[in-house]
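Structure data (PDB, C-alpha atoms and all ligand atoms) from start.pdb:
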```
MODEL        1
ATOM      1  CA  MET S  11     108.594 127.731 108.515
ATOM      2  CA  ASN S  12     109.906 128.455 105.005
ATOM      3  CA  ALA S  13     107.885 128.033 101.816
ATOM      4  CA  SER S  14     109.472 124.744 100.801
ATOM      5  CA  THR S  15     108.789 123.015 104.139
ATOM      6  CA  GLY S  16     105.275 124.485 104.137
ATOM      7  CA  LEU S  17     104.472 122.636 100.921
ATOM      8  CA  PHE S  18     105.078 119.320 102.703
ATOM      9  CA  ASP S  19     103.617 120.321 106.064
ATOM     10  CA  LEU S  20     100.828 118.007 107.260
ATOM     11  CA  THR S  21     100.108 119.728 110.566
ATOM     12  CA  GLY S  22      96.434 119.431 111.537
ATOM     13  CA  ARG S  23      95.780 116.545 109.116
ATOM     14  CA  SER S  24      94.851 112.968 109.971
ATOM     15  CA  ALA S  25      96.113 109.871 108.202
ATOM     16  CA  LEU S  26      95.244 106.190 108.177
ATOM     17  CA  VAL S  27      97.888 103.770 106.923
ATOM     18  CA  THR S  28      97.003 100.098 106.370
ATOM     19  CA  GLY S  29      99.520  97.283 106.739
ATOM     20  CA  ALA S  30     101.690  99.646 108.780
ATOM     21  CA  GLY S  31     102.918  97.151 111.375
ATOM     22  CA  GLY S  32     106.219  96.832 109.484
ATOM     23  CA  GLY S  33     107.998  97.346 106.197
ATOM     24  CA  ILE S  34     107.001 100.259 103.965
ATOM     25  CA  GLY S  35     103.765 101.030 105.859
ATOM     26  CA  ALA S  36     105.601 101.586 109.148
ATOM     27  CA  ALA S  37     108.112 103.910 107.462
ATOM     28  CA  VAL S  38     105.265 105.824 105.788
ATOM     29  CA  ALA S  39     103.372 106.195 109.080
ATOM     30  CA  LYS S  40     106.523 107.593 110.721
ATOM     31  CA  ALA S  41     107.228 109.986 107.842
ATOM     32  CA  LEU S  42     103.652 111.315 107.769
ATOM     33  CA  ALA S  43     103.805 111.865 111.539
ATOM     34  CA  ARG S  44     107.160 113.613 111.178
ATOM     35  CA  ALA S  45     105.554 115.927 108.593
ATOM     36  CA  GLY S  46     102.953 116.839 111.241
ATOM     37  CA  ALA S  47     100.034 114.450 110.620
ATOM     38  CA  ALA S  48      98.209 112.572 113.363
ATOM     39  CA  VAL S  49      98.448 108.970 112.178
ATOM     40  CA  LEU S  50      96.360 105.879 112.844
ATOM     41  CA  VAL S  51      98.768 102.991 112.336
ATOM     42  CA  THR S  52      96.764  99.890 111.396
ATOM     43  CA  ASP S  53      97.617  96.297 110.574
ATOM     44  CA  VAL S  54      96.018  92.849 110.639
ATOM     45  CA  ASP S  55      98.693  92.271 113.315
ATOM     46  CA  GLU S  56      97.428  94.574 116.090
ATOM     47  CA  ALA S  57     100.520  94.190 118.283
ATOM     48  CA  ALA S  58     102.777  95.244 115.398
ATOM     49  CA  ALA S  59     100.607  98.305 114.680
ATOM     50  CA  SER S  60     100.602  99.307 118.346
ATOM     51  CA  ALA S  61     104.386  98.941 118.570
ATOM     52  CA  VAL S  62     104.899 101.243 115.563
ATOM     53  CA  ALA S  63     102.477 103.820 117.014
ATOM     54  CA  GLU S  64     104.293 103.649 120.354
ATOM     55  CA  LYS S  65     107.646 104.368 118.641
ATOM     56  CA  ILE S  66     106.119 107.364 116.845
ATOM     57  CA  ARG S  67     104.726 108.708 120.113
ATOM     58  CA  ALA S  68     108.094 108.156 121.788
ATOM     59  CA  ALA S  69     109.557 110.551 119.202
ATOM     60  CA  GLY S  70     107.108 113.205 120.426
ATOM     61  CA  LEU S  71     104.753 112.832 117.429
ATOM     62  CA  THR S  72     101.053 111.909 117.229
ATOM     63  CA  ALA S  73      99.956 108.344 116.477
ATOM     64  CA  ASP S  74      97.615 105.628 117.637
ATOM     65  CA  GLY S  75      97.566 101.925 116.762
ATOM     66  CA  ALA S  76      94.601  99.742 115.777
ATOM     67  CA  ALA S  77      93.775  96.332 114.354
ATOM     68  CA  LEU S  78      92.508  96.435 110.779
ATOM     69  CA  ASP S  79      92.174  93.486 108.449
ATOM     70  CA  VAL S  80      91.446  95.277 105.178
ATOM     71  CA  ARG S  81      89.254  92.369 104.039
ATOM     72  CA  ASP S  82      86.749  93.360 106.741
ATOM     73  CA  ARG S  83      84.536  96.305 105.744
ATOM     74  CA  ALA S  84      83.083  96.792 109.255
ATOM     75  CA  ALA S  85      86.597  96.981 110.705
ATOM     76  CA  ALA S  86      87.492  99.549 108.021
ATOM     77  CA  ASP S  87      84.519 101.725 109.087
ATOM     78  CA  THR S  88      85.673 101.596 112.714
ATOM     79  CA  ALA S  89      89.299 102.402 111.867
ATOM     80  CA  VAL S  90      88.358 105.294 109.577
ATOM     81  CA  ALA S  91      86.208 106.837 112.327
ATOM     82  CA  ARG S  92      89.113 106.497 114.782
ATOM     83  CA  ALA S  93      91.564 108.087 112.346
ATOM     84  CA  ALA S  94      89.193 110.968 111.570
ATOM     85  CA  ALA S  95      88.685 111.565 115.302
ATOM     86  CA  LEU S  96      92.379 112.518 115.425
ATOM     87  CA  ALA S  97      91.430 115.648 113.404
ATOM     88  CA  ASP S  98      87.944 116.714 114.496
ATOM     89  CA  GLY S  99      86.116 114.078 112.426
ATOM     90  CA  THR S 100      87.844 114.609 109.072
ATOM     91  CA  LEU S 101      90.180 112.117 107.394
ATOM     92  CA  HIS S 102      92.765 113.765 105.156
ATOM     93  CA  ILE S 103      95.034 110.944 104.021
ATOM     94  CA  LEU S 104      94.302 107.274 103.370
ATOM     95  CA  VAL S 105      97.225 105.040 102.434
ATOM     96  CA  ASN S 106      96.123 101.632 101.111
ATOM     97  CA  ASN S 107      99.389  99.811 101.709
ATOM     98  CA  ALA S 108      98.495  96.374 103.167
ATOM     99  CA  GLY S 109      99.790  93.553 101.022
ATOM    100  CA  VAL S 110     100.611  89.866 100.749
ATOM    101  CA  THR S 111     102.270  87.634  98.181
ATOM    102  CA  ALA S 112     101.729  83.956  97.424
ATOM    103  CA  PRO S 113     104.084  83.099  94.555
ATOM    104  CA  ALA S 114     103.490  80.059  92.339
ATOM    105  CA  MET S 115     104.011  79.343  88.665
ATOM    106  CA  PHE S 116     100.680  79.630  86.864
ATOM    107  CA  GLU S 117     100.185  75.895  86.272
ATOM    108  CA  ASN S 118     100.360  75.367  90.041
ATOM    109  CA  LEU S 119      98.462  78.482  91.062
ATOM    110  CA  GLN S 120      95.441  77.596  93.180
ATOM    111  CA  GLU S 121      92.186  79.548  92.975
ATOM    112  CA  GLU S 122      92.281  80.075  96.741
ATOM    113  CA  SER S 123      95.666  81.774  96.553
ATOM    114  CA  PHE S 124      94.514  83.917  93.612
ATOM    115  CA  ARG S 125      91.474  85.057  95.608
ATOM    116  CA  GLN S 126      93.515  85.658  98.757
ATOM    117  CA  VAL S 127      95.919  88.047  97.040
ATOM    118  CA  VAL S 128      93.244  89.900  95.054
ATOM    119  CA  ASP S 129      91.125  90.180  98.224
ATOM    120  CA  VAL S 130      93.829  91.923 100.235
ATOM    121  CA  HIS S 131      95.028  94.326  97.526
ATOM    122  CA  VAL S 132      91.945  95.133  95.462
ATOM    123  CA  LEU S 133      88.992  94.465  97.773
ATOM    124  CA  GLY S 134      91.075  95.819 100.660
ATOM    125  CA  ALA S 135      91.552  99.149  98.874
ATOM    126  CA  PHE S 136      87.861  99.129  97.923
ATOM    127  CA  HIS S 137      86.715  98.559 101.537
ATOM    128  CA  CYS S 138      89.004 101.150 103.105
ATOM    129  CA  THR S 139      88.385 103.802 100.464
ATOM    130  CA  GLN S 140      84.625 103.361 100.515
ATOM    131  CA  ALA S 141      84.673 103.518 104.323
ATOM    132  CA  ALA S 142      86.843 106.658 104.158
ATOM    133  CA  LEU S 143      84.915 108.553 101.496
ATOM    134  CA  PRO S 144      82.200 110.138 103.713
ATOM    135  CA  LEU S 145      84.888 111.517 106.047
ATOM    136  CA  LEU S 146      87.553 112.482 103.487
ATOM    137  CA  ALA S 147      88.416 116.175 103.327
ATOM    138  CA  THR S 148      86.906 117.963 100.325
ATOM    139  CA  ASP S 149      88.858 121.223 100.697
ATOM    140  CA  GLY S 150      91.739 120.093  98.471
ATOM    141  CA  THR S 151      93.648 118.267 101.225
ATOM    142  CA  GLY S 152      91.953 114.860 100.781
ATOM    143  CA  ARG S 153      94.254 112.139  99.479
ATOM    144  CA  VAL S 154      93.981 108.455  98.640
ATOM    145  CA  ILE S 155      97.383 106.877  98.062
ATOM    146  CA  ASN S 156      97.348 103.305  96.817
ATOM    147  CA  VAL S 157     100.332 101.006  96.704
ATOM    148  CA  THR S 158     100.897  99.089  93.510
ATOM    149  CA  SER S 159     104.051  97.428  92.157
ATOM    150  CA  SER S 160     106.222  97.017  89.115
ATOM    151  CA  ALA S 161     104.431  93.636  88.974
ATOM    152  CA  GLY S 162     101.230  95.464  88.037
ATOM    153  CA  LEU S 163     103.033  97.486  85.365
ATOM    154  CA  THR S 164     105.276  94.925  83.698
ATOM    155  CA  GLY S 165     104.297  91.533  85.223
ATOM    156  CA  THR S 166     106.449  89.237  87.336
ATOM    157  CA  LEU S 167     107.282  85.562  86.830
ATOM    158  CA  GLY S 168     105.502  83.301  89.305
ATOM    159  CA  GLN S 169     103.169  86.082  90.463
ATOM    160  CA  VAL S 170     100.122  86.073  88.209
ATOM    161  CA  ASN S 171      97.902  86.564  91.270
ATOM    162  CA  TYR S 172      99.963  89.460  92.667
ATOM    163  CA  SER S 173     100.453  91.094  89.246
ATOM    164  CA  ALA S 174      96.714  90.877  88.510
ATOM    165  CA  ALA S 175      95.960  92.382  91.929
ATOM    166  CA  LYS S 176      98.461  95.214  91.504
ATOM    167  CA  ALA S 177      97.242  95.975  87.960
ATOM    168  CA  GLY S 178      93.767  96.043  89.520
ATOM    169  CA  VAL S 179      94.993  98.645  92.003
ATOM    170  CA  ILE S 180      96.170 100.802  89.080
ATOM    171  CA  GLY S 181      92.760 100.662  87.347
ATOM    172  CA  PHE S 182      91.082 101.374  90.685
ATOM    173  CA  THR S 183      93.352 104.417  91.154
ATOM    174  CA  LYS S 184      92.745 105.862  87.687
ATOM    175  CA  SER S 185      88.958 105.489  87.716
ATOM    176  CA  LEU S 186      88.639 106.787  91.263
ATOM    177  CA  ALA S 187      90.861 109.784  90.456
ATOM    178  CA  ARG S 188      88.375 110.778  87.743
ATOM    179  CA  GLU S 189      85.365 110.234  90.034
ATOM    180  CA  LEU S 190      86.738 112.122  93.053
ATOM    181  CA  ALA S 191      88.412 115.025  91.237
ATOM    182  CA  GLY S 192      85.174 117.021  91.505
ATOM    183  CA  LYS S 193      85.371 116.731  95.299
ATOM    184  CA  GLY S 194      88.980 117.924  95.296
ATOM    185  CA  ILE S 195      90.211 114.500  96.469
ATOM    186  CA  LEU S 196      93.399 113.366  94.745
ATOM    187  CA  VAL S 197      93.975 109.661  94.102
ATOM    188  CA  ASN S 198      97.397 108.350  93.131
ATOM    189  CA  ALA S 199      99.414 105.161  93.360
ATOM    190  CA  LEU S 200     103.020 104.507  94.181
ATOM    191  CA  ALA S 201     105.068 101.536  92.944
ATOM    192  CA  PRO S 202     107.873 101.017  95.465
ATOM    193  CA  LEU S 203     110.879  98.733  95.749
ATOM    194  CA  ALA S 204     112.383  98.237  99.186
ATOM    195  CA  ALA S 205     114.112  95.827 101.516
ATOM    196  CA  THR S 206     111.202  94.529 103.635
ATOM    197  CA  PRO S 207     110.034  91.138 104.909
ATOM    198  CA  MET S 208     108.022  90.815 101.655
ATOM    199  CA  THR S 209     111.170  90.916  99.520
ATOM    200  CA  GLU S 210     113.421  88.918 101.842
ATOM    201  CA  THR S 211     113.388  85.703  99.795
ATOM    202  CA  ILE S 212     114.271  87.464  96.558
ATOM    203  CA  ARG S 213     117.047  89.450  98.276
ATOM    204  CA  THR S 214     118.625  86.510 100.084
ATOM    205  CA  ASN S 215     118.195  83.624  97.631
ATOM    206  CA  PRO S 216     121.337  83.693  95.452
ATOM    207  CA  LYS S 217     119.320  82.354  92.493
ATOM    208  CA  PHE S 218     117.108  85.479  92.447
ATOM    209  CA  ALA S 219     119.190  88.162  94.187
ATOM    210  CA  GLU S 220     121.809  88.818  91.494
ATOM    211  CA  ARG S 221     119.306  88.743  88.631
ATOM    212  CA  MET S 222     117.052  91.216  90.439
ATOM    213  CA  LEU S 223     119.907  93.598  91.273
ATOM    214  CA  SER S 224     121.009  93.574  87.635
ATOM    215  CA  ARG S 225     117.529  94.879  86.671
ATOM    216  CA  ILE S 226     117.693  97.874  89.050
ATOM    217  CA  PRO S 227     119.642 100.722  87.379
ATOM    218  CA  LEU S 228     120.616 102.192  90.764
ATOM    219  CA  GLY S 229     121.999  98.745  91.586
ATOM    220  CA  ARG S 230     120.639  98.342  95.113
ATOM    221  CA  TRP S 231     117.535  97.958  97.272
ATOM    222  CA  ALA S 232     116.184 100.962  99.166
ATOM    223  CA  GLU S 233     115.404 100.936 102.852
ATOM    224  CA  PRO S 234     111.667 101.622 103.421
ATOM    225  CA  GLU S 235     112.538 105.064 104.848
ATOM    226  CA  GLU S 236     113.898 106.060 101.429
ATOM    227  CA  ILE S 237     110.501 105.352  99.842
ATOM    228  CA  ALA S 238     108.511 107.256 102.459
ATOM    229  CA  GLY S 239     109.298 110.785 101.208
ATOM    230  CA  ALA S 240     107.378 110.121  97.983
ATOM    231  CA  PHE S 241     104.315 109.258 100.096
ATOM    232  CA  VAL S 242     104.695 112.562 101.984
ATOM    233  CA  PHE S 243     104.808 114.323  98.601
ATOM    234  CA  LEU S 244     101.585 112.633  97.449
ATOM    235  CA  ALA S 245      99.943 113.349 100.837
ATOM    236  CA  SER S 246     100.853 117.033 100.869
ATOM    237  CA  ASP S 247     100.052 120.322  99.141
ATOM    238  CA  ALA S 248     103.183 119.761  97.032
ATOM    239  CA  SER S 249     101.141 117.340  94.886
ATOM    240  CA  SER S 250      98.054 119.567  94.559
ATOM    241  CA  PHE S 251      97.897 119.183  90.733
ATOM    242  CA  VAL S 252      98.713 115.453  90.579
ATOM    243  CA  THR S 253      95.969 112.851  90.309
ATOM    244  CA  GLY S 254      95.440 109.466  88.680
ATOM    245  CA  GLN S 255      99.177 108.808  88.429
ATOM    246  CA  VAL S 256     101.426 105.852  89.221
ATOM    247  CA  LEU S 257     104.756 106.960  90.666
ATOM    248  CA  PRO S 258     107.483 104.315  90.596
ATOM    249  CA  VAL S 259     109.982 104.754  93.451
ATOM    250  CA  ASP S 260     112.163 101.807  92.556
ATOM    251  CA  GLY S 261     115.701 102.816  91.638
ATOM    252  CA  GLY S 262     114.734 102.843  87.951
ATOM    253  CA  LEU S 263     113.392  99.265  87.772
ATOM    254  CA  VAL S 264     110.481 100.555  85.672
ATOM    255  CA  ILE S 265     111.583 103.199  83.174
TER     256      ILE S 265
HETATM  257  N1  LIG S 301     108.838  95.778  99.290
HETATM  258  C1  LIG S 301     108.773  95.966  97.979
HETATM  259  O1  LIG S 301     109.809  95.984  97.267
HETATM  260  C2  LIG S 301     107.457  96.184  97.313
HETATM  261  C3  LIG S 301     107.457  96.280  95.911
HETATM  262  C4  LIG S 301     106.252  96.561  95.266
HETATM  263  C5  LIG S 301     105.101  96.726  96.012
HETATM  264  N2  LIG S 301     105.139  96.579  97.373
HETATM  265  C6  LIG S 301     103.894  96.780  98.101
HETATM  266  O2  LIG S 301     104.137  97.632  99.203
HETATM  267  C7  LIG S 301     103.186  97.338 100.241
HETATM  268  C8  LIG S 301     103.938  97.119 101.535
HETATM  269  O3  LIG S 301     104.749  95.958 101.370
HETATM  270  P1  LIG S 301     106.033  95.657 102.273
HETATM  271  O4  LIG S 301     107.131  95.355 101.352
HETATM  272  O5  LIG S 301     106.189  96.668 103.320
HETATM  273  O6  LIG S 301     105.551  94.246 102.872
HETATM  274  P2  LIG S 301     105.525  93.694 104.360
HETATM  275  O7  LIG S 301     105.198  92.259 104.221
HETATM  276  O8  LIG S 301     106.750  94.108 105.078
HETATM  277  O9  LIG S 301     104.290  94.490 104.996
HETATM  278  C9  LIG S 301     102.968  94.220 104.633
HETATM  279  C10 LIG S 301     102.098  94.490 105.844
HETATM  280  O10 LIG S 301     100.729  94.243 105.473
HETATM  281  C11 LIG S 301     100.107  93.571 106.540
HETATM  282  N3  LIG S 301      98.936  92.835 106.054
HETATM  283  C12 LIG S 301      98.895  91.671 105.370
HETATM  284  N4  LIG S 301      97.624  91.308 105.144
HETATM  285  C13 LIG S 301      96.838  92.272 105.686
HETATM  286  C14 LIG S 301      95.445  92.467 105.781
HETATM  287  N5  LIG S 301      94.580  91.567 105.288
HETATM  288  N6  LIG S 301      94.981  93.585 106.403
HETATM  289  C15 LIG S 301      95.841  94.485 106.918
HETATM  290  N7  LIG S 301      97.174  94.340 106.897
HETATM  291  C16 LIG S 301      97.671  93.245 106.267
HETATM  292  C17 LIG S 301     101.174  92.662 107.114
HETATM  293  O11 LIG S 301     100.860  92.257 108.450
HETATM  294  C18 LIG S 301     102.408  93.562 107.023
HETATM  295  O12 LIG S 301     102.604  94.329 108.203
HETATM  296  C19 LIG S 301     102.389  96.141  99.746
HETATM  297  O13 LIG S 301     101.186  96.567  99.161
HETATM  298  C20 LIG S 301     103.297  95.534  98.690
HETATM  299  O14 LIG S 301     102.575  94.757  97.774
HETATM  300  C21 LIG S 301     106.285  96.311  98.033
ENDMDL
END
```

Once more with this new file: its structure as structure tokens, please.
Amino acid sequence: MNASTGLFDLTGRSALVTGAGGGIGAAVAKALARAGAAVLVTDVDEAAASAVAEKIRAAGLTADGAALDVRDRAAADTAVARAAALADGTLHILVNNAGVTAPAMFENLQEESFRQVVDVHVLGAFHCTQAALPLLATDGTGRVINVTSSAGLTGTLGQVNYSAAKAGVIGFTKSLARELAGKGILVNALAPLAATPMTETIRTNPKFAERMLSRIPLGRWAEPEEIAGAFVFLASDASSFVTGQVLPVDGGLVI
């Protein structure tokens, strides 16, 4: 192995990815496994998580699938223990990726929908990270990677709930990075942009599609696989001096 691959090598490390039954989470789970990690692929949709884990195993890599609704703290405890068991009881990498959207212009935005979105993104990250903390590696390999959005950085029309949740994830990331630095655990967030089921409406509705593309300097959507390398960076020794940061991986949408 040469020095540059070694920096990104995750052999011997365990990872738990939430919302990994499809979209970005599935691509991240595959990329972490390809870098050598043993990955617990979790999703509220258990069948989807199991199918992704099965594909990873079929490629000769290490993965298991499990149900995890991130709104459920007890389920987070169980999943974290299962993920840590993949590496002798230590969890190295937690990726808080699960997400939902419920767009509505503010005057029509219902409290229930506001709570639903904040619950999944902010409380979800809180539950999984607090469950993970006792088992997270403290030898400099421990990582919490949260998933935020350009919505949390610059706001998005018709998404006050989602933008508030994603801005919440940024504050969560920055405070936690300060708190966990003493334990050698790095906490960062990534703001992606990719062609997934979540962005299907905006990509296929002619009213939104052209306007959105015109705002992306690289002029296109990425496939989820193109986002995944940045997660491997934040999960690996290559990012050993990076904490409390938000990394946009979005074709230049946020500059
Ligand atoms: N796709 C983009 O362009 C984009 C842009 C900015 C941020 N994001 C963020 O990236 C993350 C992944 O989004 P995606 O585009 O892959 O979306 P997606 O809809 O394809 O995947 C989201 C996954 O989360 C799962 N999920 C939903 N609620 C859950 C819950 N309560 N517990 C556990 N899992 C749950 C879904 O089943 C699904 O598999 C999300 O946090 C999203 O907000 C995506």

Identify, counting all atoms listed in the file, the protein, DNA and RNA residues located within 7 Å of ligand LIG 301 (chain S), and give them as a ChimeraX atom specification.
/S:28-35,53-55,78-81,107-110,130-131,157-160,201-209

Selection to disk with C-alpha atoms, as a PDB file, keeping the file's coordinate frame:
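Result file is again23.pdb:
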```
ATOM      1  CA  THR S  28      97.003 100.098 106.370  1.00  0.00           C
ATOM      2  CA  GLY S  29      99.520  97.283 106.739  1.00  0.00           C
ATOM      3  CA  ALA S  30     101.690  99.646 108.780  1.00  0.00           C
ATOM      4  CA  GLY S  31     102.918  97.151 111.375  1.00  0.00           C
ATOM      5  CA  GLY S  32     106.219  96.832 109.484  1.00  0.00           C
ATOM      6  CA  GLY S  33     107.998  97.346 106.197  1.00  0.00           C
ATOM      7  CA  ILE S  34     107.001 100.259 103.965  1.00  0.00           C
ATOM      8  CA  GLY S  35     103.765 101.030 105.859  1.00  0.00           C
ATOM      9  CA  ASP S  53      97.617  96.297 110.574  1.00  0.00           C
ATOM     10  CA  VAL S  54      96.018  92.849 110.639  1.00  0.00           C
ATOM     11  CA  ASP S  55      98.693  92.271 113.315  1.00  0.00           C
ATOM     12  CA  LEU S  78      92.508  96.435 110.779  1.00  0.00           C
ATOM     13  CA  ASP S  79      92.174  93.486 108.449  1.00  0.00           C
ATOM     14  CA  VAL S  80      91.446  95.277 105.178  1.00  0.00           C
ATOM     15  CA  ARG S  81      89.254  92.369 104.039  1.00  0.00           C
ATOM     16  CA  ASN S 107      99.389  99.811 101.709  1.00  0.00           C
ATOM     17  CA  ALA S 108      98.495  96.374 103.167  1.00  0.00           C
ATOM     18  CA  GLY S 109      99.790  93.553 101.022  1.00  0.00           C
ATOM     19  CA  VAL S 110     100.611  89.866 100.749  1.00  0.00           C
ATOM     20  CA  VAL S 130      93.829  91.923 100.235  1.00  0.00           C
ATOM     21  CA  HIS S 131      95.028  94.326  97.526  1.00  0.00           C
ATOM     22  CA  VAL S 157     100.332 101.006  96.704  1.00  0.00           C
ATOM     23  CA  THR S 158     100.897  99.089  93.510  1.00  0.00           C
ATOM     24  CA  SER S 159     104.051  97.428  92.157  1.00  0.00           C
ATOM     25  CA  SER S 160     106.222  97.017  89.115  1.00  0.00           C
ATOM     26  CA  ALA S 201     105.068 101.536  92.944  1.00  0.00           C
ATOM     27  CA  PRO S 202     107.873 101.017  95.465  1.00  0.00           C
ATOM     28  CA  LEU S 203     110.879  98.733  95.749  1.00  0.00           C
ATOM     29  CA  ALA S 204     112.383  98.237  99.186  1.00  0.00           C
ATOM     30  CA  ALA S 205     114.112  95.827 101.516  1.00  0.00           C
ATOM     31  CA  THR S 206     111.202  94.529 103.635  1.00  0.00           C
ATOM     32  CA  PRO S 207     110.034  91.138 104.909  1.00  0.00           C
ATOM     33  CA  MET S 208     108.022  90.815 101.655  1.00  0.00           C
ATOM     34  CA  THR S 209     111.170  90.916  99.520  1.00  0.00           C
TER      35      THR S 209
END
```

What separation in Å, quoted to one decimal, exists between atom CA of S:Asn106 and atom CA of S:Val170?
20.6 Å

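Each of S:Val154, S:Ala240, S:Ala36, S:Val105 was checked against S:Gly75 using only C-alpha atoms; the smallest atom-to-atom distance is that of S:Ala36.
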
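Summary of the local environment: counting only C-alpha atoms, residues at most 9 Å from S:Lys193, other than itself and those fewer than 2 positions away along its chain, are S:Ala147, S:Thr148, S:Asp149, S:Gly150, S:Gly152, S:Glu189, S:Leu190, S:Ala191, S:Ile195, S:Leu196.
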
Taking all atoms of stretch 78-82 of chain S that the file lists and extending 4 Å past them on each side, where is the centre of the axis-aligned box and how long are its edges? Answer in Å to one decimal, as AutoDock Vina command-line options.
```
--center_x 89.6 --center_y 94.4 --center_z 107.4 --size_x 13.8 --size_y 12.1 --size_z 14.7
```

Quick one: everything within 12 Å of S:Ala141, counting all atoms listed in the file, minus sequence neighbours fewer than 4 positions away in the same chain. Send it as a CSV table (one decimal) with C-alpha atoms, in the frame of the given file.
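Ended up saving to out.csv:
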```csv
chain,number,residue,atom,x,y,z
S,26,LEU,CA,95.2,106.2,108.2
S,80,VAL,CA,91.4,95.3,105.2
S,82,ASP,CA,86.7,93.4,106.7
S,83,ARG,CA,84.5,96.3,105.7
S,84,ALA,CA,83.1,96.8,109.3
S,85,ALA,CA,86.6,97.0,110.7
S,86,ALA,CA,87.5,99.5,108.0
S,87,ASP,CA,84.5,101.7,109.1
S,88,THR,CA,85.7,101.6,112.7
S,89,ALA,CA,89.3,102.4,111.9
S,90,VAL,CA,88.4,105.3,109.6
S,91,ALA,CA,86.2,106.8,112.3
S,92,ARG,CA,89.1,106.5,114.8
S,93,ALA,CA,91.6,108.1,112.3
S,94,ALA,CA,89.2,111.0,111.6
S,101,LEU,CA,90.2,112.1,107.4
S,104,LEU,CA,94.3,107.3,103.4
S,133,LEU,CA,89.0,94.5,97.8
S,134,GLY,CA,91.1,95.8,100.7
S,135,ALA,CA,91.6,99.1,98.9
S,136,PHE,CA,87.9,99.1,97.9
S,137,HIS,CA,86.7,98.6,101.5
S,145,LEU,CA,84.9,111.5,106.0
S,146,LEU,CA,87.6,112.5,103.5
S,154,VAL,CA,94.0,108.5,98.6
```

9 Å contact set for stretch 247-255 of chain S, only C-alpha atoms, chain neighbours under 5 positions out, as a list of chain:residue names
S:Ser14, S:Gly16, S:Leu17, S:Phe18, S:Asp19, S:Leu20, S:Gly150, S:Thr151, S:Ile180, S:Thr183, S:Lys184, S:Ser185, S:Leu186, S:Ala187, S:Arg188, S:Ala191, S:Ile195, S:Leu196, S:Val197, S:Asn198, S:Ala199, S:Leu200, S:Val242

Residues from last step as file, C-alpha atoms, as an mmCIF file, in the frame of the given file:
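Output below, filename result_11.cif:
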```cif
data_model
loop_
_atom_site.group_PDB
_atom_site.id
_atom_site.type_symbol
_atom_site.label_atom_id
_atom_site.label_comp_id
_atom_site.auth_asym_id
_atom_site.auth_seq_id
_atom_site.Cartn_x
_atom_site.Cartn_y
_atom_site.Cartn_z
ATOM 1 C CA SER S 14 109.472 124.744 100.801
ATOM 2 C CA GLY S 16 105.275 124.485 104.137
ATOM 3 C CA LEU S 17 104.472 122.636 100.921
ATOM 4 C CA PHE S 18 105.078 119.320 102.703
ATOM 5 C CA ASP S 19 103.617 120.321 106.064
ATOM 6 C CA LEU S 20 100.828 118.007 107.260
ATOM 7 C CA GLY S 150 91.739 120.093 98.471
ATOM 8 C CA THR S 151 93.648 118.267 101.225
ATOM 9 C CA ILE S 180 96.170 100.802 89.080
ATOM 10 C CA THR S 183 93.352 104.417 91.154
ATOM 11 C CA LYS S 184 92.745 105.862 87.687
ATOM 12 C CA SER S 185 88.958 105.489 87.716
ATOM 13 C CA LEU S 186 88.639 106.787 91.263
ATOM 14 C CA ALA S 187 90.861 109.784 90.456
ATOM 15 C CA ARG S 188 88.375 110.778 87.743
ATOM 16 C CA ALA S 191 88.412 115.025 91.237
ATOM 17 C CA ILE S 195 90.211 114.500 96.469
ATOM 18 C CA LEU S 196 93.399 113.366 94.745
ATOM 19 C CA VAL S 197 93.975 109.661 94.102
ATOM 20 C CA ASN S 198 97.397 108.350 93.131
ATOM 21 C CA ALA S 199 99.414 105.161 93.360
ATOM 22 C CA LEU S 200 103.020 104.507 94.181
ATOM 23 C CA VAL S 242 104.695 112.562 101.984
#
```

Give me the residues within 6 Å of S:Gly162 as a ChimeraX atom specification, counting all atoms listed in the file and dropping any in the same chain fewer than 4 places off.
/S:173,176-177

Long-range neighbours of S:Phe116 as a ChimeraX atom specification, 12 Å cut-off, only C-alpha atoms, 5 positions minimum in chain
/S:121,123-124,166-173

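The two atoms in question, atom CA of S:Leu50 and atom CA of S:Gly178, are spaced 25.4 Å apart.
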
Between atom CA of S:Glu236 and atom CA of S:Ala97, what is the distance in Å, rounded to a tenth?
27.2 Å

Up to 10 Å from (119.9, 99.6, 83.0) in the file's coordinates: name the residues, counting only C-alpha atoms, as a PyMOL selection string.
chain S and resi 224-229+262-265

Option closest in space to S:Ile237, from S:Cys138, S:Leu143, S:Pro258, S:Thr72 [counting all atoms listed in the file]
S:Pro258

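Of the residues under consideration (S:Glu56, S:Asn118, S:Ile103, S:Ala219), S:Ile103 shows the shortest atom-to-atom contact distance to S:Arg153 when counting all atoms listed in the file.
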
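Among S:Leu223, S:Ala114, S:Ile155, S:Val49, the residue with the shortest atom-to-atom distance to S:Val127, counting only C-alpha atoms, is S:Ala114.
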
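Each of S:Pro113, S:Gly239, S:Gly181, S:Pro144 was compared to S:Ala45 using all atoms listed in the file, and S:Gly239 turns out to be the nearest.
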
Just so the selection is clear, what residues does the PyMOL selection byres (((chain S and resi 47) around 7) and not hetatm) cover here, as a list in words?
Leu20, Thr21, Gly22, Arg23, Ser24, Ala25, Leu42, Ala43, Ala45, Gly46, Ala48 and Val49 of chain S

Target residues per the PyMOL selection byres (((chain S and resi 61) around 10) and not hetatm), formatted as a ChimeraX atom specification:
/S:31-32,36,51,56-60,62-67,74-75

Only C-alpha atoms, as a compact mmCIF listing (two decimals), in the first residue's frame: that is what I want for stretch 242-250 of chain S.
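result-v5.txt, freshly written:
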```
# COMPACT_ATOMS: atom_id res chain seq x y z
CA VAL S 242 -14.18 8.82 2.98
CA PHE S 243 -11.87 11.83 3.41
CA LEU S 244 -13.71 12.99 6.55
CA ALA S 245 -13.79 9.39 7.89
CA SER S 246 -10.08 8.77 7.36
CA ASP S 247 -6.67 9.80 8.68
CA ALA S 248 -6.48 12.23 5.74
CA SER S 249 -8.73 14.60 7.74
CA SER S 250 -6.86 14.25 11.06
```
